[in-house]
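Comments concern the structure below.
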Amino acid sequence: MNGLRPVLIALLAFSALGAEQASDDALPELQQAVQYLQGDLKALQYFTGTQGPQAATVQITYAGPRHLFWLAQAIFKKANQLAEEVAAGQLLPLGDVQADWRRGAPRPAPDGRGIESADVLEVVRDAHDRVRAALLLQRVRVLVSEPPPRDESATPAKVLRQIIQTSRHLDSMLRRELQYRDVYARVLLAIRYAGDLGAGYPVQPMQEDKTTLDVYHRLVACLDLMKVVEAVAAIRVLDLDVERELARTDVAPADMYDLATILVADLEYMAQRTAAPRTELPRGEYRTPREVTPVHLHWLAGVLEEQLRTLGAESG
C-alpha cells in the first residue's frame, strides 16, 4: 500500500510464571502470536496518542486452554471495538466480512470436542487482524527487526499472563473502558452455569458501602472455592496465588472482569462435562440495575459464592 509509514517495533518476551504439567505443540506458536499482537498494539498506541497499559499483576500457577480461549474472546471483542473507534465510520479493510468473527463476534468454542491451544491461536489471530486493519487506516506499516522469541517451554499459565497483559493494553486504548455493567453480565453468566450444576439460585442480602476492592476480594474467594468444587466434574481449575490477590489494594473493572471470565470458563466446562441440564435464572431476581455499582456487584458475587459453597459441600 503506497504512502504507508514504516514503524520499527521491538517485541519483548514476558517473564515465566511458574511450571505447569499440561502443554501442547501449539503453545509456542500461540505465545509468539500474542507477542506479535502486542507489537502492533504499541504501534497503534503511538499513532493514536493513547496511554500505555498498566501491568497485569495476577499470578497464575495453573491454567488450561479453556481459560485462554475465554480471555482471548474478550481480547477479540476489545480489538474489534478499538478498530471501530479508529475507523470512525470508515470501512475496515478486513476482506471477507461475511464471517461472523469479521462482523465483530469472536469465534465460538469448538463443538463436540475440548478446546485446544490451536483454537485460542485462531482467536488471537482474528484479534490481530482487527488491529492491523486499524493500522492500515492510519497508513502505518509495522516493520519488525526480528521475530519475537519463541518459547518452546511455554505453558498455558505463561501464555495466559501474556493474554491478560494484552487485554490491559487494549483497555488503556479504548475510549469506552470496561464498565461495572460488563462485570455484572459476566458474573451473572457464572451464576447461571453454577445453577445448571445444581447449586440453585440463593437469596442474598445486599450490603451497603461496598467498594470495587470488596467486589474483587469476593471474586477471589469464589476462585478459591473452585478448588473444592473441581471434584464435581473431576477437572483441574485455574490456580492462582489467592493470598497475593487478597493483598491487592488497587483494582479496576477490568481486573474483576477477568476473574469473572475465568470463573465462567471453569463452570461452563463443568456443566458440559457433567451434561448438566440447562436451568433458567429466576425472572426478575437478577435483573441488571439501570446504574450498576460496586454494591450490586458485591451482592451478585455473594450469590455466586453461596452457590460454590453448596457445590463444594455436595462434592465433599
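Chain labels A, B, ... are given in the sequence in which chains occur in the C-alpha cells; within each chain residues are numbered consecutively from 1, and ligands are likewise numbered from 1 in the order shown.
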
Query - Contacts of Asp250 of chain A within 10 Å, only C-alpha atoms, excl. fewer than 5 positions in-chain, as a count of residues only - result: 4

**Report entry** All helix (DSSP H, G or I) positions in segment 112-226 of chain A, as a ChimeraX atom specification
**Finding:** /A:117-137,156-173,180-199,212-226

Report task. Do a neighbour search on His169 of chain A at 12 Å with only C-alpha atoms, toss out local chain neighbours closer than 3 positions, and write the hits as a count of residues only. Result -> 31

**Report entry** For Glu116 of chain A: contacts at 9 Å, only C-alpha atoms, fewer than 3 positions along chain excluded, given as a VMD selection string
**Finding:** chain A and resid 24 26 64 to 66 69 110 113 119 to 121

C-alpha atoms of the current selection, written as a PDB file, in the first residue's frame:
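Listing of part.pdb after writing:
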```
ATOM      1  CA  ASP A  24       0.894 -28.917  23.594  1.00  0.00           C
ATOM      2  CA  ALA A  26       0.586 -25.071  19.507  1.00  0.00           C
ATOM      3  CA  GLY A  64      -5.948 -24.762  30.834  1.00  0.00           C
ATOM      4  CA  PRO A  65      -6.773 -23.987  27.186  1.00  0.00           C
ATOM      5  CA  ARG A  66     -10.361 -23.069  28.089  1.00  0.00           C
ATOM      6  CA  PHE A  69      -9.908 -19.241  24.977  1.00  0.00           C
ATOM      7  CA  PRO A 110     -15.390 -25.890  19.039  1.00  0.00           C
ATOM      8  CA  ARG A 113     -14.567 -31.641  21.481  1.00  0.00           C
ATOM      9  CA  ASP A 119      -8.369 -22.797  18.847  1.00  0.00           C
ATOM     10  CA  VAL A 120      -7.017 -19.973  21.011  1.00  0.00           C
ATOM     11  CA  LEU A 121      -4.434 -19.190  18.332  1.00  0.00           C
TER      12      LEU A 121
END
```

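The protein and nucleic acid residues lying at most 10 Å from Pro277 of chain A are Tyr193, Gly195, Asp196, Leu197, Gly198, Ala271, Gln272 and Thr274 of chain A, with only C-alpha atoms considered and sequence neighbours fewer than 3 positions away removed.
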
Mind writing the picked residues with N, CA and C atoms as a PDB file, in the first residue's frame?
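Writing the result to result_21.pdb gives the following:
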```pdb
ATOM      1  N   TYR A 193     -24.358 -20.864  35.084  1.00  0.00           N
ATOM      2  CA  TYR A 193     -23.705 -22.164  34.940  1.00  0.00           C
ATOM      3  C   TYR A 193     -23.671 -22.906  36.273  1.00  0.00           C
ATOM      4  N   GLY A 195     -25.905 -22.615  38.533  1.00  0.00           N
ATOM      5  CA  GLY A 195     -27.270 -23.098  38.668  1.00  0.00           C
ATOM      6  C   GLY A 195     -27.506 -24.362  37.872  1.00  0.00           C
ATOM      7  N   ASP A 196     -26.942 -24.426  36.677  1.00  0.00           N
ATOM      8  CA  ASP A 196     -27.047 -25.634  35.861  1.00  0.00           C
ATOM      9  C   ASP A 196     -26.451 -26.839  36.584  1.00  0.00           C
ATOM     10  N   LEU A 197     -25.400 -26.598  37.362  1.00  0.00           N
ATOM     11  CA  LEU A 197     -24.719 -27.681  38.076  1.00  0.00           C
ATOM     12  C   LEU A 197     -25.461 -28.119  39.332  1.00  0.00           C
ATOM     13  N   GLY A 198     -26.575 -27.463  39.623  1.00  0.00           N
ATOM     14  CA  GLY A 198     -27.404 -27.876  40.747  1.00  0.00           C
ATOM     15  C   GLY A 198     -27.233 -27.053  41.999  1.00  0.00           C
ATOM     16  N   ALA A 271     -20.205 -27.857  33.540  1.00  0.00           N
ATOM     17  CA  ALA A 271     -21.572 -28.132  33.105  1.00  0.00           C
ATOM     18  C   ALA A 271     -21.581 -29.009  31.860  1.00  0.00           C
ATOM     19  N   GLN A 272     -20.652 -28.770  30.943  1.00  0.00           N
ATOM     20  CA  GLN A 272     -20.559 -29.585  29.740  1.00  0.00           C
ATOM     21  C   GLN A 272     -20.127 -31.007  30.065  1.00  0.00           C
ATOM     22  N   THR A 274     -20.424 -32.702  32.785  1.00  0.00           N
ATOM     23  CA  THR A 274     -21.407 -33.464  33.561  1.00  0.00           C
ATOM     24  C   THR A 274     -22.764 -33.530  32.868  1.00  0.00           C
TER      25      THR A 274
END
```

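Proximity to Asp209 of chain A was assessed for A:Gln81, A:Gln35, A:Gln90, A:Thr293 counting only C-alpha atoms; the smallest distance is recorded for A:Thr293.
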
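Of the residues listed (A:Arg150, A:Arg287, A:Arg132, A:Arg175), A:Arg175 shows the shortest atom-to-atom separation from Ala88 of chain A; distances use only C-alpha atoms.
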
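Nearest residue to Glu280 of chain A among A:Ile191, A:Leu68, A:Arg161, A:Tyr184 is A:Ile191, counting only C-alpha atoms.
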
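Going from atom CA of Glu146 of chain A over to atom CA of Val124 of chain A, you cover 20.2 Å.
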
Query - Minimum-distance residue to Gln179 of chain A, chosen among A:Ala247, A:Val203, A:Val292, A:Ala301 (using only C-alpha atoms) - result: A:Val292

Query raised in the report: Where in segment 108-224 of chain A does DSSP assign strand (DSSP E or B), given as a PyMOL selection string?
Result: chain A and resi 140-144

Report task. Write out as a PyMOL selection string which residues come within 9 Å of Pro202 of chain A when counting only C-alpha atoms, dropping same-chain ones fewer than 4 positions away. Result -> chain A and resi 303-304+306-307

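For Glu84 of chain A, the set of protein, DNA and RNA residues having any atom at most 12 Å away, when counting only C-alpha atoms and skipping those fewer than 2 positions along the same chain, is Lys77, Lys78, Ala79, Asn80, Gln81, Leu82, Val86, Ala87, Ala88, Gly89, Gln90, Leu91, Leu92, Pro93, Leu94, Arg102, Arg103, Gly104, Arg130, Val131, Ala133, Ala134, Leu135, Leu137, Leu174, Arg175 and Arg176 of chain A.
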
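Closest approach to Leu267 of chain A among A:Met206, A:His67, A:Asp182, A:Phe76: A:His67, based on only C-alpha atoms.
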
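One distance worth recording is that between atom CA of His128 of chain A and atom CA of Ala252 of chain A, which is 24.6 Å.
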
Query - Residue nearest Pro294 of chain A among A:Leu136, A:Ile60, A:Val159, A:Val215 (counting only C-alpha atoms) - result: A:Val215

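Rounded to one decimal, atom CA of Val295 of chain A and atom CA of Gln73 of chain A lie 27.5 Å from each other.
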